[in-house]
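Note: the block below is protein-v6.cif and it holds mmCIF, C-alpha atoms.
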data_work
loop_
_atom_site.group_PDB
_atom_site.id
_atom_site.type_symbol
_atom_site.label_atom_id
_atom_site.label_comp_id
_atom_site.auth_asym_id
_atom_site.auth_seq_id
_atom_site.Cartn_x
_atom_site.Cartn_y
_atom_site.Cartn_z
ATOM 1 C CA MET V 248 -165.691 0.308 53.214
ATOM 2 C CA ARG V 249 -168.348 3.011 53.656
ATOM 3 C CA VAL V 250 -165.710 5.544 54.682
ATOM 4 C CA PHE V 251 -163.679 4.712 51.575
ATOM 5 C CA LEU V 252 -166.725 5.055 49.292
ATOM 6 C CA ALA V 253 -167.725 8.311 50.989
ATOM 7 C CA ALA V 254 -164.187 9.658 50.532
ATOM 8 C CA MET V 255 -164.136 8.630 46.847
ATOM 9 C CA LEU V 256 -167.530 10.247 46.286
ATOM 10 C CA ALA V 257 -166.341 13.456 47.984
ATOM 11 C CA ILE V 258 -163.203 13.543 45.808
ATOM 12 C CA PHE V 259 -165.268 12.915 42.677
ATOM 13 C CA LEU V 260 -167.760 15.669 43.566
ATOM 14 C CA ALA V 261 -164.941 18.100 44.374
ATOM 15 C CA TYR V 262 -163.347 17.327 41.006
ATOM 16 C CA VAL V 263 -166.617 17.815 39.100
ATOM 17 C CA ILE V 264 -167.427 21.069 40.920
ATOM 18 C CA GLY V 265 -163.868 22.314 40.371
ATOM 19 C CA PHE V 266 -164.079 21.411 36.682
ATOM 20 C CA ILE V 267 -167.352 23.306 36.249
ATOM 21 C CA VAL V 268 -165.912 26.336 38.074
ATOM 22 C CA PHE V 269 -162.779 26.125 35.893
ATOM 23 C CA VAL V 270 -164.782 26.059 32.651
ATOM 24 C CA GLY V 271 -167.164 28.769 33.874
ATOM 25 C CA GLY V 272 -164.209 30.967 34.811
ATOM 26 C CA LEU V 273 -162.468 30.833 31.454
ATOM 27 C CA PRO V 274 -161.719 34.422 30.440
ATOM 28 C CA ALA V 275 -164.056 36.108 28.002
ATOM 29 C CA LYS V 276 -162.668 37.442 24.775
ATOM 30 C CA ALA V 277 -161.506 41.011 25.328
ATOM 31 C CA ARG V 278 -162.978 43.771 23.208
ATOM 32 C CA THR V 279 -160.537 46.674 23.347
ATOM 33 C CA PRO V 280 -156.879 45.964 22.589
ATOM 34 C CA PRO V 281 -154.727 46.903 25.565
ATOM 35 C CA HIS V 282 -151.248 48.350 25.386
ATOM 36 C CA ALA V 283 -148.131 46.757 26.861
ATOM 37 C CA ASP V 284 -144.410 46.681 26.251
ATOM 38 C CA ALA V 285 -144.615 43.282 24.582
ATOM 39 C CA ILE V 286 -146.925 40.770 22.953
ATOM 40 C CA VAL V 287 -146.319 37.042 23.371
ATOM 41 C CA ALA V 288 -148.050 34.411 21.254
ATOM 42 C CA LEU V 289 -147.900 30.791 22.336
ATOM 43 C CA THR V 290 -147.782 28.486 19.339
ATOM 44 C CA GLY V 291 -150.529 25.959 18.878
ATOM 45 C CA GLY V 292 -152.909 27.463 16.354
ATOM 46 C CA ASP V 293 -153.031 29.910 13.473
ATOM 47 C CA ASP V 294 -155.653 31.990 15.290
ATOM 48 C CA ARG V 295 -153.150 32.753 18.066
ATOM 49 C CA LEU V 296 -150.478 33.850 15.597
ATOM 50 C CA ASP V 297 -152.862 35.915 13.462
ATOM 51 C CA THR V 298 -154.257 37.647 16.548
ATOM 52 C CA ALA V 299 -150.827 38.458 17.985
ATOM 53 C CA VAL V 300 -149.520 39.792 14.673
ATOM 54 C CA ALA V 301 -152.629 41.966 14.273
ATOM 55 C CA LEU V 302 -152.054 43.380 17.779
ATOM 56 C CA LEU V 303 -148.418 44.154 16.902
ATOM 57 C CA GLU V 304 -149.340 45.787 13.603
ATOM 58 C CA ARG V 305 -151.901 47.979 15.447
ATOM 59 C CA GLY V 306 -149.219 49.107 17.902
ATOM 60 C CA ALA V 307 -150.500 47.321 21.012
ATOM 61 C CA GLY V 308 -146.904 46.438 21.924
ATOM 62 C CA LYS V 309 -143.343 47.327 20.951
ATOM 63 C CA ARG V 310 -142.232 43.781 20.095
ATOM 64 C CA LEU V 311 -143.744 40.351 19.546
ATOM 65 C CA LEU V 312 -142.357 37.007 20.693
ATOM 66 C CA ILE V 313 -143.730 33.877 19.070
ATOM 67 C CA SER V 314 -142.804 31.292 21.681
ATOM 68 C CA GLY V 315 -142.437 27.586 21.023
ATOM 69 C CA ALA V 316 -141.985 27.656 17.260
ATOM 70 C CA SER V 317 -140.692 24.595 15.468
ATOM 71 C CA VAL V 318 -137.047 24.901 14.394
ATOM 72 C CA GLU V 319 -138.003 24.479 10.727
ATOM 73 C CA THR V 320 -140.245 27.557 10.859
ATOM 74 C CA THR V 321 -138.736 30.814 9.679
ATOM 75 C CA LYS V 322 -139.740 34.370 10.385
ATOM 76 C CA LEU V 323 -140.429 34.844 6.675
ATOM 77 C CA VAL V 324 -142.898 31.942 6.634
ATOM 78 C CA LEU V 325 -144.619 33.085 9.850
ATOM 79 C CA GLY V 326 -144.918 36.637 8.510
ATOM 80 C CA HIS V 327 -146.428 35.359 5.277
ATOM 81 C CA ILE V 328 -149.041 33.073 6.854
ATOM 82 C CA SER V 329 -150.047 35.622 9.493
ATOM 83 C CA GLY V 330 -150.275 38.702 7.294
ATOM 84 C CA GLY V 331 -147.328 40.351 9.028
ATOM 85 C CA GLY V 332 -146.426 43.799 7.755
ATOM 86 C CA PRO V 333 -143.668 46.298 8.446
ATOM 87 C CA ARG V 334 -143.883 46.043 12.252
ATOM 88 C CA PHE V 335 -143.668 42.253 12.056
ATOM 89 C CA ARG V 336 -140.536 42.468 9.908
ATOM 90 C CA CYS V 337 -138.787 44.811 12.333
ATOM 91 C CA CYS V 338 -140.196 43.835 15.683
ATOM 92 C CA ALA V 339 -141.071 40.128 15.807
ATOM 93 C CA ASP V 340 -138.845 37.522 17.410
ATOM 94 C CA ILE V 341 -139.200 33.767 17.119
ATOM 95 C CA GLY V 342 -138.513 31.560 20.134
ATOM 96 C CA TYR V 343 -137.547 27.984 19.393
ATOM 97 C CA GLY V 344 -136.695 26.750 22.897
ATOM 98 C CA ALA V 345 -140.091 26.061 24.486
ATOM 99 C CA GLN V 346 -141.615 22.588 24.387
ATOM 100 C CA ASP V 347 -144.513 23.250 26.786
ATOM 101 C CA THR V 348 -146.237 26.040 28.704
ATOM 102 C CA HIS V 349 -143.573 26.130 31.413
ATOM 103 C CA GLY V 350 -140.953 26.433 28.659
ATOM 104 C CA ASN V 351 -142.970 29.266 27.078
ATOM 105 C CA ALA V 352 -142.899 31.103 30.408
ATOM 106 C CA GLU V 353 -139.138 30.590 30.821
ATOM 107 C CA GLU V 354 -138.413 31.637 27.246
ATOM 108 C CA THR V 355 -140.589 34.724 27.644
ATOM 109 C CA ALA V 356 -139.048 35.698 30.997
ATOM 110 C CA ASP V 357 -135.566 35.632 29.438
ATOM 111 C CA TRP V 358 -136.770 37.633 26.431
ATOM 112 C CA MET V 359 -138.521 40.183 28.680
ATOM 113 C CA ARG V 360 -135.328 40.685 30.728
ATOM 114 C CA GLN V 361 -133.253 41.042 27.556
ATOM 115 C CA HIS V 362 -135.549 43.838 26.303
ATOM 116 C CA HIS V 363 -136.170 45.414 29.744
ATOM 117 C CA PHE V 364 -139.935 44.977 29.369
ATOM 118 C CA SER V 365 -142.293 44.999 32.352
ATOM 119 C CA SER V 366 -145.677 44.296 30.752
ATOM 120 C CA LEU V 367 -146.978 41.877 28.152
ATOM 121 C CA ILE V 368 -150.115 40.833 26.340
ATOM 122 C CA LEU V 369 -150.369 37.039 26.452
ATOM 123 C CA VAL V 370 -152.097 35.507 23.416
ATOM 124 C CA THR V 371 -153.224 31.897 23.672
ATOM 125 C CA SER V 372 -156.395 29.824 23.469
ATOM 126 C CA ARG V 373 -159.118 30.716 25.930
ATOM 127 C CA TYR V 374 -159.130 27.229 27.463
ATOM 128 C CA HIS V 375 -155.314 27.377 27.879
ATOM 129 C CA MET V 376 -155.205 30.864 29.449
ATOM 130 C CA PRO V 377 -155.616 29.916 33.167
ATOM 131 C CA ARG V 378 -152.640 27.548 33.074
ATOM 132 C CA ALA V 379 -150.547 29.933 30.973
ATOM 133 C CA MET V 380 -151.290 32.831 33.335
ATOM 134 C CA ALA V 381 -150.281 30.722 36.360
ATOM 135 C CA GLN V 382 -146.997 29.696 34.729
ATOM 136 C CA PHE V 383 -146.179 33.212 33.488
ATOM 137 C CA ALA V 384 -147.015 34.836 36.841
ATOM 138 C CA THR V 385 -144.653 32.420 38.578
ATOM 139 C CA MET V 386 -141.787 33.111 36.166
ATOM 140 C CA MET V 387 -142.397 36.887 36.064
ATOM 141 C CA PRO V 388 -143.962 37.885 39.398
ATOM 142 C CA HIS V 389 -143.355 41.603 38.859
ATOM 143 C CA ALA V 390 -144.560 41.803 35.257
ATOM 144 C CA ARG V 391 -148.028 43.000 34.316
ATOM 145 C CA ILE V 392 -149.543 40.184 32.260
ATOM 146 C CA ILE V 393 -152.657 40.984 30.249
ATOM 147 C CA PRO V 394 -154.590 37.953 28.956
ATOM 148 C CA TRP V 395 -155.782 38.110 25.353
ATOM 149 C CA PRO V 396 -157.717 34.850 24.858
ATOM 150 C CA VAL V 397 -158.402 33.473 21.398
ATOM 151 C CA ASP V 398 -161.280 31.153 20.546
ATOM 152 C CA GLN V 399 -160.646 28.402 18.051
ATOM 153 C CA PRO V 400 -163.550 28.016 15.601
ATOM 154 C CA SER V 401 -163.502 24.224 15.910
ATOM 155 C CA ILE V 402 -164.052 24.323 19.698
ATOM 156 C CA ASP V 403 -167.484 25.310 21.050
ATOM 157 C CA LEU V 404 -166.748 26.482 24.586
ATOM 158 C CA ASN V 405 -170.262 27.851 25.067
ATOM 159 C CA GLY V 406 -171.873 24.450 24.528
ATOM 160 C CA TRP V 407 -168.921 22.321 25.632
ATOM 161 C CA TRP V 408 -171.096 19.685 27.367
ATOM 162 C CA ARG V 409 -172.766 18.817 24.037
ATOM 163 C CA HIS V 410 -169.462 17.801 22.425
ATOM 164 C CA ALA V 411 -167.469 14.844 23.772
ATOM 165 C CA ARG V 412 -164.222 16.030 22.140
ATOM 166 C CA THR V 413 -164.533 19.510 23.661
ATOM 167 C CA THR V 414 -165.402 18.063 27.070
ATOM 168 C CA ALA V 415 -162.372 15.757 26.872
ATOM 169 C CA LEU V 416 -160.123 18.669 25.803
ATOM 170 C CA LEU V 417 -161.336 20.809 28.706
ATOM 171 C CA ASN V 418 -160.918 17.912 31.118
ATOM 172 C CA ARG V 419 -157.287 17.390 29.998
ATOM 173 C CA GLU V 420 -156.634 21.111 30.344
ATOM 174 C CA TYR V 421 -158.209 21.159 33.820
ATOM 175 C CA ILE V 422 -155.938 18.305 34.929
ATOM 176 C CA LYS V 423 -152.894 20.135 33.500
ATOM 177 C CA PHE V 424 -154.058 23.290 35.278
ATOM 178 C CA LEU V 425 -154.311 21.462 38.623
ATOM 179 C CA VAL V 426 -150.839 19.985 38.134
ATOM 180 C CA SER V 427 -149.451 23.414 37.220
ATOM 181 C CA LEU V 428 -150.935 24.894 40.415
ATOM 182 C CA VAL V 429 -149.026 22.348 42.449
ATOM 183 C CA THR V 430 -145.771 22.716 40.510
ATOM 184 C CA THR V 431 -145.880 26.520 40.504
ATOM 185 C CA GLN V 432 -146.422 26.532 44.272
ATOM 186 C CA LEU V 433 -143.443 24.223 44.712
ATOM 187 C CA ALA V 434 -141.322 26.430 42.429
ATOM 188 C CA ARG V 435 -142.065 29.662 44.316
ATOM 189 C CA PRO V 436 -139.215 31.002 46.395
ATOM 190 C CA ALA V 437 -139.832 30.802 50.163
#
Turn this file's structure into structure tokens for me.
Amino acid sequence: MRVFLAAMLAIFLAYVIGFIVFVGGLPAKARTPPHADAIVALTGGDDRLDTAVALLERGAGKRLLISGASVETTKLVLGHISGGGPRFRCCADIGYGAQDTHGNAEETADWMRQHHFSSLILVTSRYHMPRAMAQFATMMPHARIIPWPVDQPSIDLNGWWRHARTTALLNREYIKFLVSLVTTQLARPA
């Protein structure tokens, strides 16, 4: 019984330490817009879309893919709500096939091959970036992927431990991240 309790305590401590390292290692918001062939925004918040469209309009990439859009959403509507201008009208594509982060990575890999792109700026929430980067790196091992994390105003990542909802959100994302590490390792070619 003592061995079992000691093992459970060790697993619990490893999980807690890993969680704290995960949260402490979330990427900081970048200051200077990079340049890449493409910009990819993962749906899931207006801040992601607005940020990606602003990067496109400033010329940070040649084209924009909005991955994981709902089938009812049109390019016209997305351009209107995100403040898209002339570059959005000519150079934004909407991906409707992705249902999750793995699907976003698959959809993006196909789109990147179609356009012969080798680098991309990945726009998603800061807490989602580690898992997205792992999935994208697996699907596109030779592409240069530049993270462009976005903070959501309703989520206080700096004082996450003071907010039960933020702590729960980060915990769910950490579990998804751990699962994605296992699945991406299994998906890698030998």
TODO: Using all atoms listed in the file, determine which residues lie at most 9 Å from V:Leu425, disregarding the query and same-chain residues fewer than 5 positions distant; provide the list as a count of residues only.
DONE: 3
Quick one: axis-aligned box around all listed atoms of stretch 320-329 of chain V, 5 Å on every side, centre and edge lengths in Å to one decimal, written as lines of an AutoDock Vina configuration file.
center_x = -144.4
center_y = 32.1
center_z = 8.1
size_x = 21.3
size_y = 19.1
size_z = 15.6
- [ ] Given the file shown, determine the residues that the PyMOL selection byres ((chain V and resi 325-338) around 6) selects; report them as an MDAnalysis selection string.
- [x] chainID V and resid 297 304 310 322:324 339
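Among V:Met248, V:Ala288, V:Leu369, V:Leu404, the residue with the shortest atom-to-atom distance to V:Leu273, counting all atoms listed in the file, is V:Leu404.
Nearest-residue note for V:Arg419: choosing from V:Ala254, V:Tyr374, V:His363, V:Ala261, the minimum distance belongs to V:Tyr374, counting all atoms listed in the file.
The interatomic distance for the pair atom CA of V:Thr355 and atom CA of V:Val370 works out to 12.3 Å.
Taking atom CA of V:Ala285 and atom CA of V:Pro394 as the two end points, the separation is 12.1 Å.
Reported to one decimal place, the separation of atom CA of V:Lys276 from atom CA of V:Ile264 is 23.5 Å.
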TODO: Could you expand the PyMOL selection byres ((chain V and resi 308) around 7) into the explicit residues it covers here, written as an NGL selection string?
DONE: :V and (282-286 or 303 or 306-307 or 309-310)
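Closest to V:Ile392 among V:Asn405, V:Thr431, V:Thr414, V:Ser366 is V:Ser366, based on all atoms listed in the file.
The residue that comes closest to V:Thr321, out of V:Ile341, V:Gln346, V:Val300, V:Gly291 and on the basis of all atoms listed in the file, is V:Ile341.
Minimum distance to V:Gln399 across V:Gly292, V:Gly315, V:Gly344, V:Pro377 (counting all atoms listed in the file) occurs at V:Gly292.
Shortest separation to V:Ile393 among V:Met255, V:Ile368, V:Val263, V:Met380 occurs at residue V:Ile368, atoms counted being only C-alpha atoms.
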Open item on the list: As a check of understanding, name the residues that the PyMOL selection byres ((chain V and resi 280) around 9) selects in the supplied structure, as number ranges by chain.
Closed with: V: 277-279, 281-282, 302, 305, 307, 395
Open item on the list: Give me, as number ranges by chain, all polymer residues having an atom no more than 9 Å from V:Tyr421, counting all atoms listed in the file and skipping those fewer than 4 positions away in the same chain.
Closed with: V: 265-266, 269-270, 374, 378, 416-417, 425-426
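Excluding V:Ala381 itself and any same-chain residue fewer than 5 positions from it, the protein and nucleic acid residues within 9 Å of it, counting all atoms listed in the file, are V:Met376, V:Met386, V:Phe424, V:Ser427, V:Leu428, V:Thr431.
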From the structure just shown, export stretch 357-370 of chain V with all heavy atoms as a PDB file, in the first residue's frame.
ATOM      1  N   ASP V 357      -1.783  21.093 -46.314  1.00  0.00           N
ATOM      2  CA  ASP V 357      -2.269  20.984 -47.697  1.00  0.00           C
ATOM      3  C   ASP V 357      -2.228  22.342 -48.398  1.00  0.00           C
ATOM      4  O   ASP V 357      -1.794  22.452 -49.544  1.00  0.00           O
ATOM      5  CB  ASP V 357      -3.706  20.441 -47.723  1.00  0.00           C
ATOM      6  CG  ASP V 357      -3.797  18.992 -47.304  1.00  0.00           C
ATOM      7  OD1 ASP V 357      -2.752  18.287 -47.312  1.00  0.00           O
ATOM      8  OD2 ASP V 357      -4.915  18.552 -46.955  1.00  0.00           O
ATOM      9  N   TRP V 358      -2.675  23.364 -47.706  1.00  0.00           N
ATOM     10  CA  TRP V 358      -2.703  24.727 -48.252  1.00  0.00           C
ATOM     11  C   TRP V 358      -1.283  25.226 -48.538  1.00  0.00           C
ATOM     12  O   TRP V 358      -1.034  25.841 -49.578  1.00  0.00           O
ATOM     13  CB  TRP V 358      -3.434  25.628 -47.259  1.00  0.00           C
ATOM     14  CG  TRP V 358      -3.587  27.059 -47.635  1.00  0.00           C
ATOM     15  CD1 TRP V 358      -4.510  27.602 -48.485  1.00  0.00           C
ATOM     16  CD2 TRP V 358      -2.823  28.164 -47.122  1.00  0.00           C
ATOM     17  NE1 TRP V 358      -4.363  28.972 -48.531  1.00  0.00           N
ATOM     18  CE2 TRP V 358      -3.328  29.335 -47.700  1.00  0.00           C
ATOM     19  CE3 TRP V 358      -1.764  28.258 -46.224  1.00  0.00           C
ATOM     20  CZ2 TRP V 358      -2.816  30.592 -47.424  1.00  0.00           C
ATOM     21  CZ3 TRP V 358      -1.246  29.505 -45.942  1.00  0.00           C
ATOM     22  CH2 TRP V 358      -1.761  30.657 -46.538  1.00  0.00           C
ATOM     23  N   MET V 359      -0.354  24.940 -47.631  1.00  0.00           N
ATOM     24  CA  MET V 359       1.046  25.345 -47.820  1.00  0.00           C
ATOM     25  C   MET V 359       1.641  24.666 -49.057  1.00  0.00           C
ATOM     26  O   MET V 359       2.325  25.309 -49.844  1.00  0.00           O
ATOM     27  CB  MET V 359       1.882  25.002 -46.582  1.00  0.00           C
ATOM     28  CG  MET V 359       1.530  25.767 -45.323  1.00  0.00           C
ATOM     29  SD  MET V 359       2.263  27.389 -45.216  1.00  0.00           S
ATOM     30  CE  MET V 359       3.967  26.975 -44.916  1.00  0.00           C
ATOM     31  N   ARG V 360       1.372  23.372 -49.224  1.00  0.00           N
ATOM     32  CA  ARG V 360       1.868  22.652 -50.411  1.00  0.00           C
ATOM     33  C   ARG V 360       1.262  23.237 -51.689  1.00  0.00           C
ATOM     34  O   ARG V 360       1.953  23.421 -52.683  1.00  0.00           O
ATOM     35  CB  ARG V 360       1.549  21.159 -50.314  1.00  0.00           C
ATOM     36  CG  ARG V 360       2.538  20.380 -49.467  1.00  0.00           C
ATOM     37  CD  ARG V 360       2.333  18.875 -49.580  1.00  0.00           C
ATOM     38  NE  ARG V 360       1.065  18.426 -49.017  1.00  0.00           N
ATOM     39  CZ  ARG V 360       0.845  18.192 -47.731  1.00  0.00           C
ATOM     40  NH1 ARG V 360       1.825  18.348 -46.855  1.00  0.00           N
ATOM     41  NH2 ARG V 360      -0.328  17.778 -47.303  1.00  0.00           N
ATOM     42  N   GLN V 361      -0.017  23.520 -51.655  1.00  0.00           N
ATOM     43  CA  GLN V 361      -0.716  24.068 -52.820  1.00  0.00           C
ATOM     44  C   GLN V 361      -0.089  25.391 -53.271  1.00  0.00           C
ATOM     45  O   GLN V 361       0.022  25.657 -54.461  1.00  0.00           O
ATOM     46  CB  GLN V 361      -2.194  24.271 -52.473  1.00  0.00           C
ATOM     47  CG  GLN V 361      -3.011  24.912 -53.568  1.00  0.00           C
ATOM     48  CD  GLN V 361      -4.432  25.227 -53.104  1.00  0.00           C
ATOM     49  OE1 GLN V 361      -4.828  24.954 -51.976  1.00  0.00           O
ATOM     50  NE2 GLN V 361      -5.197  25.826 -53.982  1.00  0.00           N
ATOM     51  N   HIS V 362       0.342  26.206 -52.311  1.00  0.00           N
ATOM     52  CA  HIS V 362       0.912  27.527 -52.621  1.00  0.00           C
ATOM     53  C   HIS V 362       2.440  27.526 -52.659  1.00  0.00           C
ATOM     54  O   HIS V 362       3.041  28.584 -52.879  1.00  0.00           O
ATOM     55  CB  HIS V 362       0.403  28.566 -51.618  1.00  0.00           C
ATOM     56  CG  HIS V 362      -1.059  28.860 -51.776  1.00  0.00           C
ATOM     57  ND1 HIS V 362      -1.558  29.611 -52.803  1.00  0.00           N
ATOM     58  CD2 HIS V 362      -2.122  28.469 -51.033  1.00  0.00           C
ATOM     59  CE1 HIS V 362      -2.869  29.694 -52.691  1.00  0.00           C
ATOM     60  NE2 HIS V 362      -3.234  29.002 -51.627  1.00  0.00           N
ATOM     61  N   HIS V 363       3.057  26.378 -52.415  1.00  0.00           N
ATOM     62  CA  HIS V 363       4.524  26.255 -52.412  1.00  0.00           C
ATOM     63  C   HIS V 363       5.169  27.181 -51.383  1.00  0.00           C
ATOM     64  O   HIS V 363       6.203  27.790 -51.635  1.00  0.00           O
ATOM     65  CB  HIS V 363       5.100  26.512 -53.809  1.00  0.00           C
ATOM     66  CG  HIS V 363       4.477  25.670 -54.869  1.00  0.00           C
ATOM     67  ND1 HIS V 363       4.734  24.328 -55.000  1.00  0.00           N
ATOM     68  CD2 HIS V 363       3.573  25.978 -55.833  1.00  0.00           C
ATOM     69  CE1 HIS V 363       4.032  23.838 -56.003  1.00  0.00           C
ATOM     70  NE2 HIS V 363       3.306  24.818 -56.529  1.00  0.00           N
ATOM     71  N   PHE V 364       4.550  27.262 -50.205  1.00  0.00           N
ATOM     72  CA  PHE V 364       5.078  28.085 -49.119  1.00  0.00           C
ATOM     73  C   PHE V 364       5.964  27.227 -48.221  1.00  0.00           C
ATOM     74  O   PHE V 364       5.721  26.041 -48.038  1.00  0.00           O
ATOM     75  CB  PHE V 364       3.950  28.678 -48.273  1.00  0.00           C
ATOM     76  CG  PHE V 364       3.117  29.719 -48.977  1.00  0.00           C
ATOM     77  CD1 PHE V 364       1.797  29.914 -48.610  1.00  0.00           C
ATOM     78  CD2 PHE V 364       3.642  30.508 -49.987  1.00  0.00           C
ATOM     79  CE1 PHE V 364       1.018  30.882 -49.223  1.00  0.00           C
ATOM     80  CE2 PHE V 364       2.882  31.481 -50.610  1.00  0.00           C
ATOM     81  CZ  PHE V 364       1.558  31.669 -50.235  1.00  0.00           C
ATOM     82  N   SER V 365       6.966  27.869 -47.615  1.00  0.00           N
ATOM     83  CA  SER V 365       7.862  27.138 -46.708  1.00  0.00           C
ATOM     84  C   SER V 365       7.943  27.762 -45.318  1.00  0.00           C
ATOM     85  O   SER V 365       8.629  27.245 -44.447  1.00  0.00           O
ATOM     86  CB  SER V 365       9.266  27.046 -47.313  1.00  0.00           C
ATOM     87  OG  SER V 365       9.800  28.341 -47.486  1.00  0.00           O
ATOM     88  N   SER V 366       7.256  28.872 -45.103  1.00  0.00           N
ATOM     89  CA  SER V 366       7.277  29.502 -43.780  1.00  0.00           C
ATOM     90  C   SER V 366       5.902  30.092 -43.484  1.00  0.00           C
ATOM     91  O   SER V 366       5.187  30.504 -44.397  1.00  0.00           O
ATOM     92  CB  SER V 366       8.349  30.586 -43.713  1.00  0.00           C
ATOM     93  OG  SER V 366       8.093  31.616 -44.647  1.00  0.00           O
ATOM     94  N   LEU V 367       5.555  30.103 -42.189  1.00  0.00           N
ATOM     95  CA  LEU V 367       4.262  30.658 -41.811  1.00  0.00           C
ATOM     96  C   LEU V 367       4.318  31.287 -40.435  1.00  0.00           C
ATOM     97  O   LEU V 367       5.124  30.906 -39.590  1.00  0.00           O
ATOM     98  CB  LEU V 367       3.165  29.593 -41.865  1.00  0.00           C
ATOM     99  CG  LEU V 367       3.186  28.460 -40.841  1.00  0.00           C
ATOM    100  CD1 LEU V 367       2.349  28.791 -39.628  1.00  0.00           C
ATOM    101  CD2 LEU V 367       2.656  27.196 -41.489  1.00  0.00           C
ATOM    102  N   ILE V 368       3.460  32.256 -40.240  1.00  0.00           N
ATOM    103  CA  ILE V 368       3.234  32.871 -38.937  1.00  0.00           C
ATOM    104  C   ILE V 368       1.948  32.239 -38.407  1.00  0.00           C
ATOM    105  O   ILE V 368       0.908  32.318 -39.048  1.00  0.00           O
ATOM    106  CB  ILE V 368       3.076  34.404 -39.048  1.00  0.00           C
ATOM    107  CG1 ILE V 368       4.322  35.025 -39.660  1.00  0.00           C
ATOM    108  CG2 ILE V 368       2.757  35.009 -37.687  1.00  0.00           C
ATOM    109  CD1 ILE V 368       4.144  36.471 -40.098  1.00  0.00           C
ATOM    110  N   LEU V 369       2.044  31.597 -37.259  1.00  0.00           N
ATOM    111  CA  LEU V 369       0.903  30.900 -36.668  1.00  0.00           C
ATOM    112  C   LEU V 369       0.275  31.788 -35.600  1.00  0.00           C
ATOM    113  O   LEU V 369       0.926  32.140 -34.611  1.00  0.00           O
ATOM    114  CB  LEU V 369       1.359  29.574 -36.060  1.00  0.00           C
ATOM    115  CG  LEU V 369       0.297  28.728 -35.372  1.00  0.00           C
ATOM    116  CD1 LEU V 369      -0.840  28.379 -36.322  1.00  0.00           C
ATOM    117  CD2 LEU V 369       0.931  27.474 -34.795  1.00  0.00           C
ATOM    118  N   VAL V 370      -0.991  32.154 -35.806  1.00  0.00           N
ATOM    119  CA  VAL V 370      -1.711  33.035 -34.891  1.00  0.00           C
ATOM    120  C   VAL V 370      -2.764  32.222 -34.147  1.00  0.00           C
ATOM    121  O   VAL V 370      -3.686  31.679 -34.755  1.00  0.00           O
ATOM    122  CB  VAL V 370      -2.393  34.204 -35.651  1.00  0.00           C
ATOM    123  CG1 VAL V 370      -3.132  35.113 -34.675  1.00  0.00           C
ATOM    124  CG2 VAL V 370      -1.375  34.986 -36.468  1.00  0.00           C
TER     125      VAL V 370
END
